[in-house]
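Structure file structure-v3.cif with mmCIF, C-alpha atoms:
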```cif
data_upload
#
loop_
_atom_site.label_atom_id
_atom_site.label_comp_id
_atom_site.auth_asym_id
_atom_site.auth_seq_id
_atom_site.Cartn_x
_atom_site.Cartn_y
_atom_site.Cartn_z
CA SER A 1 0.00 0.00 0.00
CA ILE A 2 1.09 3.60 -0.63
CA GLU A 3 0.39 6.48 1.74
CA ILE A 4 1.54 9.91 0.54
CA SER A 5 0.99 13.20 2.32
CA SER A 6 -0.24 16.32 0.53
CA THR A 7 3.17 17.91 1.06
CA GLU A 8 4.90 15.00 -0.65
CA LEU A 9 2.39 15.07 -3.50
CA ALA A 10 3.21 18.70 -4.18
CA ASN A 11 6.59 17.41 -5.35
CA ASP A 12 6.28 16.09 -8.91
CA GLN A 13 9.02 13.54 -8.33
CA ASN A 14 7.16 11.92 -5.43
CA TYR A 15 3.79 11.49 -7.08
CA ASN A 16 5.43 10.33 -10.30
CA SER A 17 7.35 7.74 -8.28
CA ALA A 18 4.11 6.57 -6.73
CA ALA A 19 2.51 6.16 -10.14
CA TYR A 20 5.50 4.31 -11.52
CA THR A 21 5.17 1.89 -8.63
CA GLY A 22 1.75 1.12 -10.05
CA LEU A 23 3.14 0.67 -13.53
CA ALA A 24 5.75 -1.70 -12.15
CA ALA A 25 2.98 -3.84 -10.66
CA ILE A 26 1.73 -4.44 -14.21
CA TYR A 27 4.86 -4.60 -16.26
CA MET A 28 7.74 -5.71 -14.04
CA THR A 29 6.71 -9.34 -14.34
CA TYR A 30 7.42 -11.37 -17.45
CA GLN A 31 3.72 -12.06 -17.87
CA PRO A 32 1.16 -9.72 -16.23
CA THR A 33 -1.61 -11.39 -14.22
CA THR A 34 -5.06 -10.26 -13.10
CA GLU A 35 -3.64 -10.01 -9.58
CA SER A 36 -0.78 -7.68 -10.57
CA CYS A 37 -3.12 -5.53 -12.69
CA ASN A 38 -5.66 -5.19 -9.88
CA GLU A 39 -2.84 -4.27 -7.51
CA ALA A 40 -1.76 -1.56 -9.97
CA ARG A 41 -5.35 -0.26 -10.26
CA SER A 42 -5.55 0.04 -6.48
CA ILE A 43 -2.29 2.01 -6.39
CA PHE A 44 -3.38 4.37 -9.16
CA ARG A 45 -6.74 5.04 -7.52
CA LYS A 46 -5.12 5.87 -4.16
CA VAL A 47 -2.61 8.19 -5.80
CA LYS A 48 -5.39 9.82 -7.84
CA LEU A 49 -7.53 10.54 -4.76
CA GLN A 50 -4.58 12.00 -2.88
CA THR A 51 -3.48 14.04 -5.90
CA ILE A 52 -6.97 15.52 -6.31
CA LYS A 53 -6.85 16.63 -2.65
CA SER A 54 -3.46 18.23 -3.17
CA LEU A 55 -3.55 19.60 -6.71
CA GLY A 56 -7.20 19.56 -7.81
CA SER A 57 -9.11 17.41 -10.28
CA SER A 58 -8.00 19.32 -13.40
CA HIS A 59 -4.24 18.93 -12.91
CA GLY A 60 -2.44 17.27 -15.82
CA PHE A 61 -1.20 14.47 -13.60
CA ILE A 62 -4.83 13.41 -12.99
CA GLY A 63 -5.08 12.91 -16.74
CA GLU A 64 -1.94 10.80 -16.71
CA LEU A 65 -3.33 8.68 -13.86
CA ASP A 66 -6.48 8.11 -15.90
CA MET A 67 -4.28 6.96 -18.78
CA TYR A 68 -2.50 4.54 -16.40
CA LEU A 69 -5.85 3.20 -15.18
CA GLY A 70 -6.89 2.74 -18.79
CA GLN A 71 -3.70 0.80 -19.44
CA CYS A 72 -4.51 -1.50 -16.51
CA ASP A 73 -7.95 -2.18 -17.94
CA LEU A 74 -6.57 -2.85 -21.43
CA VAL A 75 -4.20 -5.46 -19.99
CA LEU A 76 -7.04 -6.95 -17.93
CA TYR A 77 -9.18 -7.14 -21.06
CA GLY A 78 -6.37 -9.00 -22.82
CA LEU A 79 -6.17 -11.45 -19.91
CA THR A 80 -9.88 -12.01 -19.32
CA HIS A 81 -11.66 -10.95 -22.55
CA ASN A 82 -14.24 -9.25 -20.32
CA SER A 83 -15.70 -6.42 -22.42
CA GLU A 84 -16.41 -4.35 -19.29
CA TYR A 85 -12.68 -3.75 -18.92
CA LEU A 86 -12.56 -2.53 -22.51
CA LYS A 87 -15.38 -0.06 -21.91
CA SER A 88 -13.68 1.16 -18.74
CA ALA A 89 -10.32 1.54 -20.53
CA ARG A 90 -11.95 3.58 -23.30
CA LYS A 91 -13.61 5.86 -20.73
CA TYR A 92 -10.37 6.42 -18.78
CA MET A 93 -8.36 7.11 -21.95
CA GLU A 94 -10.89 9.69 -23.21
CA SER A 95 -11.00 11.40 -19.81
CA GLY A 96 -7.21 11.39 -19.51
CA LYS A 97 -6.69 12.86 -22.98
CA ASP A 98 -9.22 15.66 -22.34
CA ILE A 99 -7.69 16.61 -18.96
CA ILE A 100 -4.14 16.62 -20.36
CA ALA A 101 -5.10 18.62 -23.47
CA ASP A 102 -6.97 21.21 -21.34
CA PHE A 103 -4.22 21.47 -18.72
CA TYR A 104 -1.34 21.97 -21.14
CA LYS A 105 -3.40 24.03 -23.63
CA ASP A 106 -1.25 24.43 -26.75
CA GLN A 107 1.98 23.19 -25.14
CA VAL A 108 3.27 20.13 -26.96
CA ASN A 109 4.85 17.58 -24.61
CA THR A 110 5.23 13.84 -24.14
CA SER A 111 2.08 13.64 -21.99
CA LEU A 112 -0.05 15.00 -24.83
CA ILE A 113 1.57 12.62 -27.33
CA GLY A 114 1.07 9.67 -24.99
CA ALA A 115 -2.56 10.61 -24.36
CA HIS A 116 -3.42 10.48 -28.06
CA MET A 117 -1.45 7.24 -28.52
CA TRP A 118 -3.19 5.41 -25.67
CA LEU A 119 -6.64 6.70 -26.60
CA ALA A 120 -6.00 5.47 -30.15
CA ASN A 121 -4.92 2.08 -28.80
CA ALA A 122 -8.16 1.79 -26.80
CA MET A 123 -10.17 2.80 -29.88
CA SER A 124 -8.39 0.12 -31.91
CA TYR A 125 -9.47 -2.50 -29.37
CA THR A 126 -13.10 -1.37 -29.65
CA GLY A 127 -12.99 -1.45 -33.45
CA GLU A 128 -13.05 2.35 -33.87
CA VAL A 129 -10.20 2.20 -36.35
CA TYR A 130 -10.77 5.48 -38.19
CA PRO A 131 -11.01 7.56 -34.97
CA ALA A 132 -7.87 5.69 -33.83
CA ILE A 133 -6.08 6.71 -37.03
CA ASN A 134 -7.09 10.33 -36.36
CA ASN A 135 -5.49 10.17 -32.89
CA TYR A 136 -2.37 8.38 -34.15
CA ASN A 137 -1.97 11.18 -36.71
CA LYS A 138 -2.32 13.78 -33.96
CA ALA A 139 0.34 11.96 -31.92
CA LEU A 140 2.57 11.91 -35.01
CA ASP A 141 2.05 15.63 -35.68
CA TYR A 142 2.86 16.50 -32.06
CA SER A 143 5.93 14.23 -32.14
CA LYS A 144 7.22 16.02 -35.24
CA GLN A 145 6.65 19.40 -33.55
CA LEU A 146 8.50 18.29 -30.43
CA TYR A 147 11.34 16.26 -31.93
CA GLY A 148 11.51 17.21 -35.61
CA GLU A 149 10.72 15.39 -38.86
CA ASP A 150 12.04 11.83 -39.19
CA ASN A 151 13.25 11.72 -35.58
CA ILE A 152 13.39 8.26 -33.95
CA ASN A 153 10.72 9.44 -31.48
CA THR A 154 8.20 9.69 -34.34
CA VAL A 155 8.45 5.96 -35.07
CA ASN A 156 5.82 4.63 -32.64
CA PRO A 157 2.85 6.55 -34.12
CA ILE A 158 4.10 5.68 -37.62
CA ILE A 159 4.16 1.97 -36.76
CA SER A 160 0.71 2.25 -35.15
CA LEU A 161 -0.66 3.85 -38.32
CA GLY A 162 0.75 0.92 -40.28
CA ASN A 163 -0.98 -1.50 -37.90
CA ALA A 164 -4.30 0.32 -38.25
CA TYR A 165 -4.20 0.23 -42.05
CA ALA A 166 -3.16 -3.43 -41.99
CA TYR A 167 -6.22 -4.13 -39.81
CA LEU A 168 -8.40 -2.39 -42.40
CA GLY A 169 -6.89 -4.57 -45.13
CA GLN A 170 -5.16 -1.59 -46.75
CA THR A 171 -1.92 -3.54 -47.00
CA ASP A 172 -0.09 -1.25 -49.44
CA LYS A 173 -0.63 1.73 -47.15
CA ALA A 174 0.46 -0.35 -44.15
CA LEU A 175 3.68 -1.35 -45.93
CA GLU A 176 4.30 2.30 -46.78
CA TYR A 177 4.20 3.26 -43.08
CA TYR A 178 6.34 0.28 -42.05
CA GLY A 179 8.89 1.21 -44.72
CA LYS A 180 8.98 4.79 -43.40
CA ALA A 181 9.56 3.53 -39.86
CA ILE A 182 12.41 1.26 -41.03
CA ASP A 183 14.06 4.15 -42.91
CA ILE A 184 13.97 6.36 -39.79
CA ILE A 185 15.33 3.62 -37.51
CA GLU A 186 18.16 2.74 -39.89
CA ALA A 187 19.14 6.41 -40.27
CA SER A 188 19.15 7.01 -36.52
CA GLU A 189 22.49 7.44 -34.74
CA ASP A 190 21.28 5.16 -31.96
CA LYS A 191 20.01 2.38 -34.22
CA ASN A 192 17.48 0.32 -32.24
CA GLU A 193 17.75 -3.15 -33.75
CA MET A 194 14.97 -4.59 -31.60
CA MET A 195 12.57 -1.94 -32.83
CA LEU A 196 13.77 -2.55 -36.38
CA MET A 197 13.18 -6.27 -35.99
CA SER A 198 9.69 -5.59 -34.64
CA VAL A 199 8.76 -3.52 -37.70
CA MET A 200 10.15 -6.16 -40.02
CA ARG A 201 7.91 -8.73 -38.31
CA LEU A 202 4.96 -6.46 -39.01
CA LYS A 203 6.04 -6.21 -42.64
CA ALA A 204 6.19 -10.00 -42.79
CA ASN A 205 2.65 -10.19 -41.36
CA THR A 206 1.42 -7.77 -44.01
CA TYR A 207 3.15 -9.62 -46.86
CA GLU A 208 1.50 -12.79 -45.55
CA LEU A 209 -1.89 -11.06 -45.67
CA LYS A 210 -1.15 -10.06 -49.27
CA GLU A 211 -0.15 -13.68 -50.00
CA GLU A 212 3.31 -12.46 -51.05
CA TYR A 213 4.92 -15.38 -49.26
CA GLU A 214 8.46 -15.04 -50.64
CA SER A 215 8.65 -11.46 -49.34
CA ALA A 216 7.23 -12.60 -45.98
CA MET A 217 9.85 -15.35 -45.69
CA SER A 218 12.64 -12.94 -46.63
CA SER A 219 11.62 -10.48 -43.88
CA LEU A 220 11.36 -13.29 -41.32
CA MET A 221 14.75 -14.76 -42.19
CA GLU A 222 16.30 -11.31 -41.77
CA CYS A 223 14.62 -10.97 -38.36
CA ILE A 224 15.90 -14.37 -37.25
CA GLY A 225 19.43 -13.47 -38.34
CA MET A 226 19.34 -10.22 -36.36
CA LEU A 227 17.99 -11.97 -33.26
CA GLU A 228 20.52 -14.80 -33.40
CA SER A 229 23.33 -12.25 -33.48
CA HIS A 230 22.18 -10.99 -30.06
CA GLY A 231 22.58 -14.34 -28.28
CA GLU A 232 20.44 -16.61 -26.13
CA GLY A 233 18.37 -13.87 -24.48
CA TYR A 234 16.17 -13.61 -27.56
CA LEU A 235 15.22 -17.27 -27.91
CA GLN A 236 11.48 -16.66 -27.54
CA ALA A 237 11.51 -13.98 -30.23
CA ILE A 238 13.48 -16.33 -32.50
CA LEU A 239 10.95 -19.10 -31.88
CA ASP A 240 8.09 -16.71 -32.67
CA CYS A 241 9.71 -15.81 -36.00
CA GLN A 242 10.40 -19.46 -36.79
CA MET A 243 6.79 -20.33 -35.97
CA GLN A 244 5.56 -17.69 -38.39
CA LEU A 245 8.06 -18.89 -41.00
CA THR A 246 6.72 -22.41 -40.51
CA ARG A 247 3.17 -21.17 -41.00
CA VAL A 248 4.14 -19.42 -44.25
CA CYS A 249 5.78 -22.63 -45.49
CA ALA A 250 2.52 -24.44 -44.67
CA ARG A 251 0.56 -21.90 -46.71
CA ILE A 252 2.64 -22.64 -49.81
CA GLY A 253 2.38 -26.39 -49.17
CA ASP A 254 6.06 -27.05 -48.42
CA SER A 255 5.61 -29.92 -45.93
CA GLU A 256 9.32 -30.74 -45.80
CA LYS A 257 10.21 -27.20 -44.74
CA VAL A 258 7.38 -27.20 -42.21
CA LYS A 259 8.78 -30.30 -40.53
CA GLU A 260 12.36 -29.02 -40.75
CA HIS A 261 11.46 -25.75 -38.99
CA ILE A 262 9.37 -27.50 -36.33
CA LEU A 263 12.14 -29.97 -35.47
CA LYS A 264 14.58 -27.05 -35.18
CA MET A 265 12.20 -25.24 -32.82
CA LEU A 266 11.68 -28.32 -30.66
CA ASP A 267 15.44 -28.77 -30.40
CA GLU A 268 15.91 -25.14 -29.32
CA MET A 269 13.07 -25.39 -26.79
CA ALA A 270 14.70 -28.46 -25.24
CA GLN A 271 17.85 -26.44 -24.55
CA THR A 272 16.21 -23.70 -22.48
CA ASN A 273 14.22 -23.45 -19.26
CA SER A 274 13.30 -19.77 -19.70
CA MET A 275 9.94 -20.27 -21.44
CA THR A 276 6.71 -19.60 -19.58
CA PRO A 277 3.96 -22.26 -19.40
CA MET A 278 1.82 -20.22 -21.82
CA GLN A 279 4.64 -20.01 -24.35
CA ILE A 280 5.22 -23.77 -24.17
CA PHE A 281 1.47 -24.36 -24.48
CA ASN A 282 1.19 -22.18 -27.59
CA MET A 283 4.25 -23.70 -29.26
CA GLY A 284 3.09 -27.24 -28.52
CA TYR A 285 -0.39 -26.57 -29.87
CA LEU A 286 0.74 -24.80 -33.07
CA CYS A 287 3.51 -27.29 -33.87
CA GLY A 288 1.29 -30.26 -33.06
CA ASN A 289 -1.47 -29.13 -35.38
CA LEU A 290 0.89 -28.37 -38.26
CA LEU A 291 2.49 -31.81 -37.87
CA LEU A 292 -0.96 -33.39 -37.72
CA GLN A 293 -2.62 -31.55 -40.61
CA GLN A 294 0.24 -30.55 -42.89
CA VAL A 295 2.98 -33.13 -42.41
CA GLY A 296 1.11 -36.22 -41.21
CA ASP A 297 3.76 -37.09 -38.60
CA LEU A 298 1.41 -38.49 -35.95
CA ASP A 299 4.07 -39.41 -33.39
CA LYS A 300 5.63 -35.93 -33.39
CA ALA A 301 2.17 -34.33 -33.40
CA GLU A 302 1.25 -36.39 -30.32
CA GLU A 303 4.50 -35.38 -28.59
CA CYS A 304 3.87 -31.67 -29.18
CA LEU A 305 0.22 -31.73 -28.16
CA LEU A 306 0.95 -33.71 -24.97
CA MET A 307 3.66 -31.14 -24.16
CA ALA A 308 0.99 -28.42 -24.44
CA GLU A 309 -1.52 -30.40 -22.36
CA ALA A 310 1.03 -30.84 -19.57
CA GLU A 311 1.15 -27.04 -19.10
CA ILE A 312 -2.62 -26.56 -18.63
CA PRO A 313 -2.49 -26.80 -14.79
CA ASN A 314 0.34 -24.23 -14.76
CA ILE A 315 -1.47 -21.47 -16.68
CA GLU A 316 -3.57 -18.91 -14.85
CA ASP A 317 -6.66 -17.68 -16.73
CA LEU A 318 -6.34 -20.19 -19.59
CA LEU A 319 -9.39 -19.84 -21.82
CA ASP A 320 -11.72 -22.85 -22.00
CA ASN A 321 -11.54 -22.64 -25.79
CA ASN A 322 -7.75 -23.12 -25.74
CA GLU A 323 -8.09 -26.16 -23.50
CA TYR A 324 -10.80 -27.58 -25.77
CA GLN A 325 -8.58 -27.16 -28.85
CA ILE A 326 -5.79 -29.22 -27.27
CA TYR A 327 -8.14 -32.05 -26.28
CA TYR A 328 -9.83 -32.10 -29.68
CA SER A 329 -6.49 -32.09 -31.53
CA LEU A 330 -5.26 -34.98 -29.39
CA ALA A 331 -8.53 -36.83 -30.06
CA LYS A 332 -8.00 -36.44 -33.82
CA THR A 333 -4.39 -37.61 -33.46
CA TYR A 334 -5.48 -40.81 -31.71
CA GLU A 335 -8.28 -41.31 -34.23
CA PHE A 336 -5.70 -41.27 -37.04
CA LYS A 337 -3.43 -43.56 -35.00
CA GLU A 338 -6.39 -45.92 -34.56
CA ASP A 339 -5.97 -45.83 -30.79
CA ARG A 340 -9.66 -46.19 -29.91
CA THR A 341 -9.19 -46.02 -26.13
CA ARG A 342 -7.32 -42.73 -26.14
CA TYR A 343 -9.49 -41.33 -28.93
CA LYS A 344 -12.52 -41.88 -26.71
CA GLU A 345 -10.69 -40.44 -23.66
CA TYR A 346 -9.75 -37.17 -25.36
CA LEU A 347 -13.00 -36.79 -27.26
CA LYS A 348 -14.78 -37.01 -23.91
CA LYS A 349 -12.45 -34.32 -22.47
CA ALA A 350 -13.06 -32.16 -25.54
CA TYR A 351 -16.84 -32.47 -25.20
CA LYS A 352 -16.79 -31.69 -21.48
CA THR A 353 -14.67 -28.57 -22.06
CA ALA A 354 -16.58 -27.48 -25.18
CA ARG A 355 -19.81 -27.30 -23.16
CA LYS A 356 -18.19 -24.48 -21.13
CA CYS A 357 -17.11 -22.51 -24.22
CA SER A 358 -19.26 -19.63 -25.39
CA ASN A 359 -17.90 -19.62 -28.96
CA ILE A 360 -18.26 -23.31 -29.90
CA GLN A 361 -20.93 -23.77 -32.56
CA LYS A 362 -23.84 -26.04 -31.67
CA GLU A 363 -23.15 -28.18 -34.77
CA GLN A 364 -19.62 -28.94 -33.54
CA LEU A 365 -20.88 -29.82 -30.07
CA ASP A 366 -23.57 -32.09 -31.52
CA PHE A 367 -20.99 -33.79 -33.76
CA ILE A 368 -18.71 -34.62 -30.81
CA LYS A 369 -21.67 -35.83 -28.74
CA GLU A 370 -22.86 -38.11 -31.56
CA GLU A 371 -19.35 -39.50 -32.10
CA LEU A 372 -19.04 -40.25 -28.37
CA GLN A 373 -22.42 -42.03 -28.36
CA ASN A 374 -21.27 -44.16 -31.30
CA LEU A 375 -18.00 -45.03 -29.55
CA PHE A 376 -19.70 -46.07 -26.31
CA ALA A 377 -22.32 -48.05 -28.24
CA LYS A 378 -19.65 -50.23 -29.85
#
```
Rewrite the coordinates I just gave you, this time as structure tokens.
Amino acid sequence: SIEISSTELANDQNYNSAAYTGLAAIYMTYQPTTESCNEARSIFRKVKLQTIKSLGSSHGFIGELDMYLGQCDLVLYGLTHNSEYLKSARKYMESGKDIIADFYKDQVNTSLIGAHMWLANAMSYTGEVYPAINNYNKALDYSKQLYGEDNINTVNPIISLGNAYAYLGQTDKALEYYGKAIDIIEASEDKNEMMLMSVMRLKANTYELKEEYESAMSSLMECIGMLESHGEGYLQAILDCQMQLTRVCARIGDSEKVKEHILKMLDEMAQTNSMTPMQIFNMGYLCGNLLLQQVGDLDKAEECLLMAEAEIPNIEDLLDNNEYQIYYSLAKTYEFKEDRTRYKEYLKKAYKTARKCSNIQKEQLDFIKEELQNLFAK
């Protein structure tokens, strides 16, 4: 808990430190949890109440605290998929932006830029893409005023504009923004290779959407090369790129390359203990399904899917749908292997979990139920 006197709050450094303690509660763990986010919300609310007493409700820092509270709710929405958090985040972001804009009037500063960026992010989540683009453009304009044209600090709104146009399916425009971001990063004195790699991943995603698979693979291979040059600390990012590369190979029907990339990933995963349960779960599920559907290697598919299943008890807030997908994939694997006992076992698990899922179609549920009835009748 944080207790701050009005005298302490009058010092910008103290109330900023208090707020950053809240931010740390969200972000200083490798994977934020509902518990850490709710702890952060509690901190922000206490600091907000005390700041209002000391500085008034229209002070710019109140706007920043609203932005922080909105960030908490965005993370909570990502963890829980509860739309109430999304509505709350949108409300906080709008309030924060208005307070900051009114407090600083026509003064351009990082708070104003951040307010438009975070409001745009919240709008993107709620599907308000064109209003989000408007706010990203405002953030970009303010960044140019504050830092100058083509400064490295203008890159984030440029990347976000690329993401927004990619979401709208305007892939050429998205690639244009990503290309601009890459040019700025490469020309910067302090070349940020991790940011560069991130933009190149986005380019690869966009090329994949355009079905320009050779360009997508080229961007991904360049990303992997950059990451490998930085050593073992970037293994998860390397695996993410390799997974996407594997998916692109699957799209063009290159089963040999799919298997080659998957075996390489499994080998690299076996040499580290730094992956979280959720990361292992995702890798196991994705690799298992590609091996099952694209390659037809049932033994390796089983190995990957069982690896994912083993992590289910270790994952907080795992969605029922994710659990269902593992059980159903394992059921299909054992069906193809003609292992009737285990096919029945996992089909039963899949049906039990599917009944808890809100997004499973009735036809799918009825199909599993009928198949189970047939198996138990034999």
Inset, instruction - Just the residues within 7 Å of stretch 202-204 of chain A, please, counting only C-alpha atoms, with nothing from its chain fewer than 6 positions along; format it as a ChimeraX atom specification. - result: /A:175,178,216,219-220
Legend entry - Counting only C-alpha atoms, the option among A:Tyr165, A:Glu64, A:Asn109, A:Glu39 closest to A:Tyr136: A:Tyr165
Inset, instruction - Enumerate, as a ChimeraX atom specification, the residues matched when the PyMOL selection byres ((chain A and resi 112-125) around 6) is run on the file above. - result: /A:90,93,97,109-111,126-129,132,135-136,139
Print the selection's residues with C-alpha atoms to a file, as a PDB file, in the frame of the given file.
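Saved file out18.pdb follows:
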```
ATOM      1  CA  ARG A  90     -11.950   3.580 -23.300  1.00  0.00           C
ATOM      2  CA  MET A  93      -8.360   7.110 -21.950  1.00  0.00           C
ATOM      3  CA  LYS A  97      -6.690  12.860 -22.980  1.00  0.00           C
ATOM      4  CA  ASN A 109       4.850  17.580 -24.610  1.00  0.00           C
ATOM      5  CA  THR A 110       5.230  13.840 -24.140  1.00  0.00           C
ATOM      6  CA  SER A 111       2.080  13.640 -21.990  1.00  0.00           C
ATOM      7  CA  THR A 126     -13.100  -1.370 -29.650  1.00  0.00           C
ATOM      8  CA  GLY A 127     -12.990  -1.450 -33.450  1.00  0.00           C
ATOM      9  CA  GLU A 128     -13.050   2.350 -33.870  1.00  0.00           C
ATOM     10  CA  VAL A 129     -10.200   2.200 -36.350  1.00  0.00           C
ATOM     11  CA  ALA A 132      -7.870   5.690 -33.830  1.00  0.00           C
ATOM     12  CA  ASN A 135      -5.490  10.170 -32.890  1.00  0.00           C
ATOM     13  CA  TYR A 136      -2.370   8.380 -34.150  1.00  0.00           C
ATOM     14  CA  ALA A 139       0.340  11.960 -31.920  1.00  0.00           C
TER      15      ALA A 139
END
```
Identify all residues satisfying the PyMOL selection byres ((chain A and resi 342) around 12) in the given file; provide them as a PDB file with C-alpha atoms, in the frame of the given file.
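Result went into part22.pdb, see below:
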```pdb
ATOM      1  CA  GLU A 302       1.250 -36.390 -30.320  1.00  0.00           C
ATOM      2  CA  TYR A 327      -8.140 -32.050 -26.280  1.00  0.00           C
ATOM      3  CA  TYR A 328      -9.830 -32.100 -29.680  1.00  0.00           C
ATOM      4  CA  SER A 329      -6.490 -32.090 -31.530  1.00  0.00           C
ATOM      5  CA  LEU A 330      -5.260 -34.980 -29.390  1.00  0.00           C
ATOM      6  CA  ALA A 331      -8.530 -36.830 -30.060  1.00  0.00           C
ATOM      7  CA  LYS A 332      -8.000 -36.440 -33.820  1.00  0.00           C
ATOM      8  CA  THR A 333      -4.390 -37.610 -33.460  1.00  0.00           C
ATOM      9  CA  TYR A 334      -5.480 -40.810 -31.710  1.00  0.00           C
ATOM     10  CA  GLU A 335      -8.280 -41.310 -34.230  1.00  0.00           C
ATOM     11  CA  PHE A 336      -5.700 -41.270 -37.040  1.00  0.00           C
ATOM     12  CA  LYS A 337      -3.430 -43.560 -35.000  1.00  0.00           C
ATOM     13  CA  GLU A 338      -6.390 -45.920 -34.560  1.00  0.00           C
ATOM     14  CA  ASP A 339      -5.970 -45.830 -30.790  1.00  0.00           C
ATOM     15  CA  ARG A 340      -9.660 -46.190 -29.910  1.00  0.00           C
ATOM     16  CA  THR A 341      -9.190 -46.020 -26.130  1.00  0.00           C
ATOM     17  CA  TYR A 343      -9.490 -41.330 -28.930  1.00  0.00           C
ATOM     18  CA  LYS A 344     -12.520 -41.880 -26.710  1.00  0.00           C
ATOM     19  CA  GLU A 345     -10.690 -40.440 -23.660  1.00  0.00           C
ATOM     20  CA  TYR A 346      -9.750 -37.170 -25.360  1.00  0.00           C
ATOM     21  CA  LEU A 347     -13.000 -36.790 -27.260  1.00  0.00           C
ATOM     22  CA  LYS A 348     -14.780 -37.010 -23.910  1.00  0.00           C
ATOM     23  CA  LYS A 349     -12.450 -34.320 -22.470  1.00  0.00           C
ATOM     24  CA  LEU A 375     -18.000 -45.030 -29.550  1.00  0.00           C
TER      25      LEU A 375
END
```
Counting only C-alpha atoms, what is within 8 Å of A:Asn153, bar same-chain residues fewer than 3 positions away, as a PDB file with C-alpha atoms, in the frame of the given file?
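Below is the file that was written, selection-v3.pdb:
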```
ATOM      1  CA  SER A 143       5.930  14.230 -32.140  1.00  0.00           C
ATOM      2  CA  TYR A 147      11.340  16.260 -31.930  1.00  0.00           C
ATOM      3  CA  ASN A 156       5.820   4.630 -32.640  1.00  0.00           C
TER       4      ASN A 156
END
```
Listed atoms of stretch 189-195 of chain A boxed along x, y and z, 8 Å each side, centre and edge lengths in Å, one decimal, as JSON:
```
{"center_x": 17.5, "center_y": 1.4, "center_z": -33.2, "size_x": 25.9, "size_y": 28.0, "size_z": 19.1}
```
Legend entry - Output of the PyMOL selection byres ((chain A and resi 266-269) around 10), listed as number ranges by chain: A: 235-236, 238-239, 261-265, 270-275, 280, 283-284, 287, 304
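Straight-line separation from atom CA of A:Ile182 to atom CA of A:Ile252: 27.3 Å.
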Inset, instruction - For atom CA of A:Tyr92 and atom CA of A:Ile52, quote the distance in Å rounded to one decimal. - result: 15.8 Å
Inset, instruction - Could you pull out every residue with an atom within 10 Å of (-3.4, -6.1, -13.0), file coordinates, counting all atoms listed in the file, and send them as a PyMOL selection string? - result: chain A and resi 22-23+25-27+32-42+69+71-77+79
Legend entry - Separation of atom CA of A:Ser358 from atom CA of A:Lys91, in Å and rounded to one decimal: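 Between atom CA of A:Ser358 and atom CA of A:Lys91 the gap works out to 26.5 Å.
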Legend entry - Pick from A:Tyr213, A:Tyr324, A:Phe376, A:Phe367, whichever lies nearest to A:Arg251 using only C-alpha atoms: A:Tyr213
May I have the residues within 12 Å of A:Ala250 as a short mmCIF file (atom, residue, chain, number, x, y, z; two decimals) with C-alpha atoms, in the coordinates of the input, using only C-alpha atoms and disregarding those fewer than 4 positions away in the same chain?
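Result file follows (result.cif):
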```
data_model
loop_
_atom_site.label_atom_id
_atom_site.label_comp_id
_atom_site.auth_asym_id
_atom_site.auth_seq_id
_atom_site.Cartn_x
_atom_site.Cartn_y
_atom_site.Cartn_z
CA GLU A 208 1.50 -12.79 -45.55
CA TYR A 213 4.92 -15.38 -49.26
CA MET A 217 9.85 -15.35 -45.69
CA MET A 243 6.79 -20.33 -35.97
CA GLN A 244 5.56 -17.69 -38.39
CA LEU A 245 8.06 -18.89 -41.00
CA THR A 246 6.72 -22.41 -40.51
CA ASP A 254 6.06 -27.05 -48.42
CA SER A 255 5.61 -29.92 -45.93
CA GLU A 256 9.32 -30.74 -45.80
CA LYS A 257 10.21 -27.20 -44.74
CA VAL A 258 7.38 -27.20 -42.21
CA LYS A 259 8.78 -30.30 -40.53
CA GLU A 260 12.36 -29.02 -40.75
CA HIS A 261 11.46 -25.75 -38.99
CA ILE A 262 9.37 -27.50 -36.33
CA LEU A 286 0.74 -24.80 -33.07
CA CYS A 287 3.51 -27.29 -33.87
CA ASN A 289 -1.47 -29.13 -35.38
CA LEU A 290 0.89 -28.37 -38.26
CA LEU A 291 2.49 -31.81 -37.87
CA LEU A 292 -0.96 -33.39 -37.72
CA GLN A 293 -2.62 -31.55 -40.61
CA GLN A 294 0.24 -30.55 -42.89
CA VAL A 295 2.98 -33.13 -42.41
#
```
Legend entry - Closest of A:Met67, A:Cys241, A:Leu49, A:Ile185 to A:Glu94 - atom-to-atom distances counting only C-alpha atoms: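 When distances to A:Glu94 are compared using only C-alpha atoms, the smallest one comes from A:Met67.
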Inset, instruction - For each of A:Leu306, A:Leu372, A:Ile99, A:Leu365, take the minimum atom-to-atom distance to A:His59, counting all atoms listed in the file, then give the residue where this is smallest. - result: A:Ile99
Inset, instruction - May I ask which of the residues A:Asn374, A:Ser229, A:Ser95, A:Asp320 is the closest one to A:Arg355, counting all atoms listed in the file? - result: A:Asp320
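Counting all atoms listed in the file, the residue from A:Ile184, A:Phe61, A:Leu318, A:Asn205 that sits nearest to A:Gly148 is A:Ile184.
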